[in-house]
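Structure file data-v8.cif; described as mmCIF, C-alpha atoms.
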```
data_final
loop_
_atom_site.label_atom_id
_atom_site.label_comp_id
_atom_site.auth_asym_id
_atom_site.auth_seq_id
_atom_site.Cartn_x
_atom_site.Cartn_y
_atom_site.Cartn_z
CA MET O 1 -115.69 -43.84 32.84
CA ASP O 2 -113.88 -45.60 35.62
CA GLU O 3 -111.86 -47.80 33.28
CA PRO O 4 -108.08 -47.48 33.58
CA GLN O 5 -106.37 -45.91 30.64
CA ARG O 6 -104.24 -48.23 28.55
CA SER O 7 -100.99 -47.11 27.10
CA ASN O 8 -98.77 -48.86 24.63
CA GLY O 9 -95.64 -47.43 26.24
CA PRO O 10 -93.10 -49.46 28.18
CA ASP O 11 -93.61 -50.33 31.83
CA MET O 12 -91.69 -47.70 33.75
CA GLY O 13 -91.74 -49.68 36.99
CA ASN O 14 -88.00 -50.32 37.10
CA HIS O 15 -86.34 -46.95 36.61
CA LEU O 16 -82.91 -48.29 37.50
CA THR O 17 -82.86 -50.50 34.41
CA TYR O 18 -83.74 -47.59 32.11
CA TRP O 19 -81.15 -45.31 33.71
CA SER O 20 -78.55 -48.05 33.32
CA ILE O 21 -79.32 -48.25 29.61
CA VAL O 22 -79.01 -44.47 29.36
CA GLY O 23 -75.69 -44.68 31.22
CA ILE O 24 -74.36 -47.35 28.86
CA THR O 25 -75.37 -45.20 25.89
CA ALA O 26 -73.56 -42.21 27.39
CA LEU O 27 -70.55 -44.44 28.00
CA LEU O 28 -70.62 -45.46 24.34
CA CYS O 29 -70.61 -41.83 23.20
CA PHE O 30 -67.88 -40.90 25.68
CA ALA O 31 -65.73 -43.87 24.66
CA TRP O 32 -66.00 -43.12 20.97
CA LEU O 33 -65.24 -39.41 21.43
CA LEU O 34 -62.31 -40.14 23.73
CA THR O 35 -60.59 -42.97 21.93
CA GLY O 36 -61.62 -42.59 18.30
CA SER O 37 -60.88 -46.29 18.07
CA LEU O 38 -63.48 -48.94 17.34
CA VAL O 39 -61.61 -51.64 19.26
CA LEU O 40 -61.20 -49.59 22.45
CA THR O 41 -64.81 -48.44 22.21
CA LEU O 42 -66.01 -52.04 21.90
CA ILE O 43 -63.95 -53.05 24.93
CA ILE O 44 -65.54 -50.27 26.98
CA ILE O 45 -69.01 -51.26 25.74
CA VAL O 46 -68.49 -54.89 26.76
CA LEU O 47 -67.34 -53.82 30.22
CA GLY O 48 -70.44 -51.63 30.52
CA LEU O 49 -72.71 -54.44 29.38
CA LEU O 50 -71.34 -56.67 32.12
CA HIS O 51 -72.82 -54.19 34.60
CA LEU O 52 -76.08 -53.96 32.69
CA ALA O 53 -76.45 -57.76 32.78
CA GLN O 54 -77.46 -57.64 36.43
CA PHE O 55 -80.85 -56.25 35.42
CA PHE O 56 -81.60 -59.14 33.05
CA PRO O 57 -81.92 -62.53 34.79
CA ASP O 58 -80.79 -64.73 31.89
CA ALA O 59 -77.70 -62.63 31.25
CA GLU O 60 -76.93 -62.48 34.97
CA VAL O 61 -76.96 -66.28 35.22
CA PHE O 62 -74.49 -66.43 32.34
CA VAL O 63 -72.18 -63.82 33.88
CA ARG O 64 -72.31 -65.37 37.36
CA SER O 65 -71.42 -68.79 35.98
CA ASP O 66 -68.06 -67.55 34.65
CA PRO O 67 -65.44 -66.33 37.15
CA ILE O 68 -63.56 -64.41 34.43
CA LEU O 69 -66.65 -62.32 33.61
CA LEU O 70 -67.21 -61.66 37.31
CA GLY O 71 -63.60 -60.49 37.62
CA LEU O 72 -63.97 -58.25 34.58
CA ARG O 73 -67.16 -56.80 36.08
CA ARG O 74 -65.40 -56.19 39.39
CA PHE O 75 -62.40 -54.42 37.83
CA SER O 76 -64.17 -52.74 34.91
CA LEU O 77 -63.91 -49.23 36.39
CA VAL O 78 -60.15 -49.61 36.73
CA LEU O 79 -59.89 -51.01 33.19
CA VAL O 80 -61.92 -48.12 31.75
CA LEU O 81 -59.71 -45.63 33.59
CA ILE O 82 -56.57 -47.36 32.26
CA ILE O 83 -57.96 -47.26 28.70
CA THR O 84 -58.80 -43.58 29.18
CA VAL O 85 -55.29 -42.76 30.39
CA ILE O 86 -53.76 -44.68 27.47
CA ALA O 87 -55.99 -42.87 24.94
CA VAL O 88 -55.24 -39.43 26.42
CA THR O 89 -51.51 -40.20 26.54
CA ILE O 90 -51.47 -41.29 22.91
CA ARG O 91 -53.31 -38.13 21.87
CA PHE O 92 -50.90 -35.98 23.88
CA ILE O 93 -47.85 -37.70 22.36
CA ARG O 94 -49.19 -37.24 18.81
CA LEU O 95 -49.60 -33.51 19.34
#
```
Please express the file's structure as structure tokens.
Amino acid sequence: MDEPQRSNGPDMGNHLTYWSIVGITALLCFAWLLTGSLVLTLIIIVLGLLHLAQFFPDAEVFVRSDPILLGLRRFSLVLVLIITVIAVTIRFIRL
């Protein structure tokens, strides 16, 4: 009776990792709806995954070993905003 219950679900100890994955998924949906372009969506996904890498030690070692990836991670918000402005401008010009 005093045995702990076992569950086959994932360990919910690190909520920040799960919320980051949810955020990346939302970013994917937003990017696809905004741009309508596979290439621009993939660029935004890669920039988002650079932020998600910090929660996975092996990926973080890889990212930290390359100064270009660190720079992309640092300026990813600016790059996403630039891509957003370009996509909105193109849509406005087409109308």
Please provide the set of residues having any atom within 8 Å of segment 19-27 of chain O, restricted to all atoms listed in the file, with same-chain residues fewer than 2 positions apart removed, written as JSON, numbers by chain. {"O": [15, 16, 17, 29, 30, 31, 44, 45, 48, 49, 52]}
Kindly export the residues of the current selection with C-alpha atoms, as a CSV table (one decimal), keeping the file's coordinate frame.
```csv
chain,number,residue,atom,x,y,z
O,15,HIS,CA,-86.3,-47.0,36.6
O,16,LEU,CA,-82.9,-48.3,37.5
O,17,THR,CA,-82.9,-50.5,34.4
O,29,CYS,CA,-70.6,-41.8,23.2
O,30,PHE,CA,-67.9,-40.9,25.7
O,31,ALA,CA,-65.7,-43.9,24.7
O,44,ILE,CA,-65.5,-50.3,27.0
O,45,ILE,CA,-69.0,-51.3,25.7
O,48,GLY,CA,-70.4,-51.6,30.5
O,49,LEU,CA,-72.7,-54.4,29.4
O,52,LEU,CA,-76.1,-54.0,32.7
```
From the list O:Leu34, O:Ala59, O:Leu72, O:Leu28, which residue is nearest Ile86 of chain O when using all atoms listed in the file? O:Leu34
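For the pair atom CA of Phe62 of chain O and atom CA of Leu81 of chain O, the separation is 25.5 Å.
Between atom CA of Arg73 of chain O and atom CA of Val85 of chain O there is a distance of 19.2 Å.
By chain and then residue number, the residues within 9 Å of Trp32 of chain O are Leu27, Ser37, Leu38, Leu40, Thr41 and Leu42 of chain O, counting all atoms listed in the file and disregarding those fewer than 5 positions away in sequence.
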Write out the residues from the selection above, keeping C-alpha atoms, as a PDB file, in the frame of the given file.
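Output saved as out-v8.pdb:
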```
ATOM      1  CA  LEU O  27     -70.550 -44.440  28.000  1.00  0.00           C
ATOM      2  CA  SER O  37     -60.880 -46.290  18.070  1.00  0.00           C
ATOM      3  CA  LEU O  38     -63.480 -48.940  17.340  1.00  0.00           C
ATOM      4  CA  LEU O  40     -61.200 -49.590  22.450  1.00  0.00           C
ATOM      5  CA  THR O  41     -64.810 -48.440  22.210  1.00  0.00           C
ATOM      6  CA  LEU O  42     -66.010 -52.040  21.900  1.00  0.00           C
TER       7      LEU O  42
END
```
So what do you get for atom CA of Ala53 of chain O versus atom CA of Val39 of chain O, distance-wise? 21.0 Å
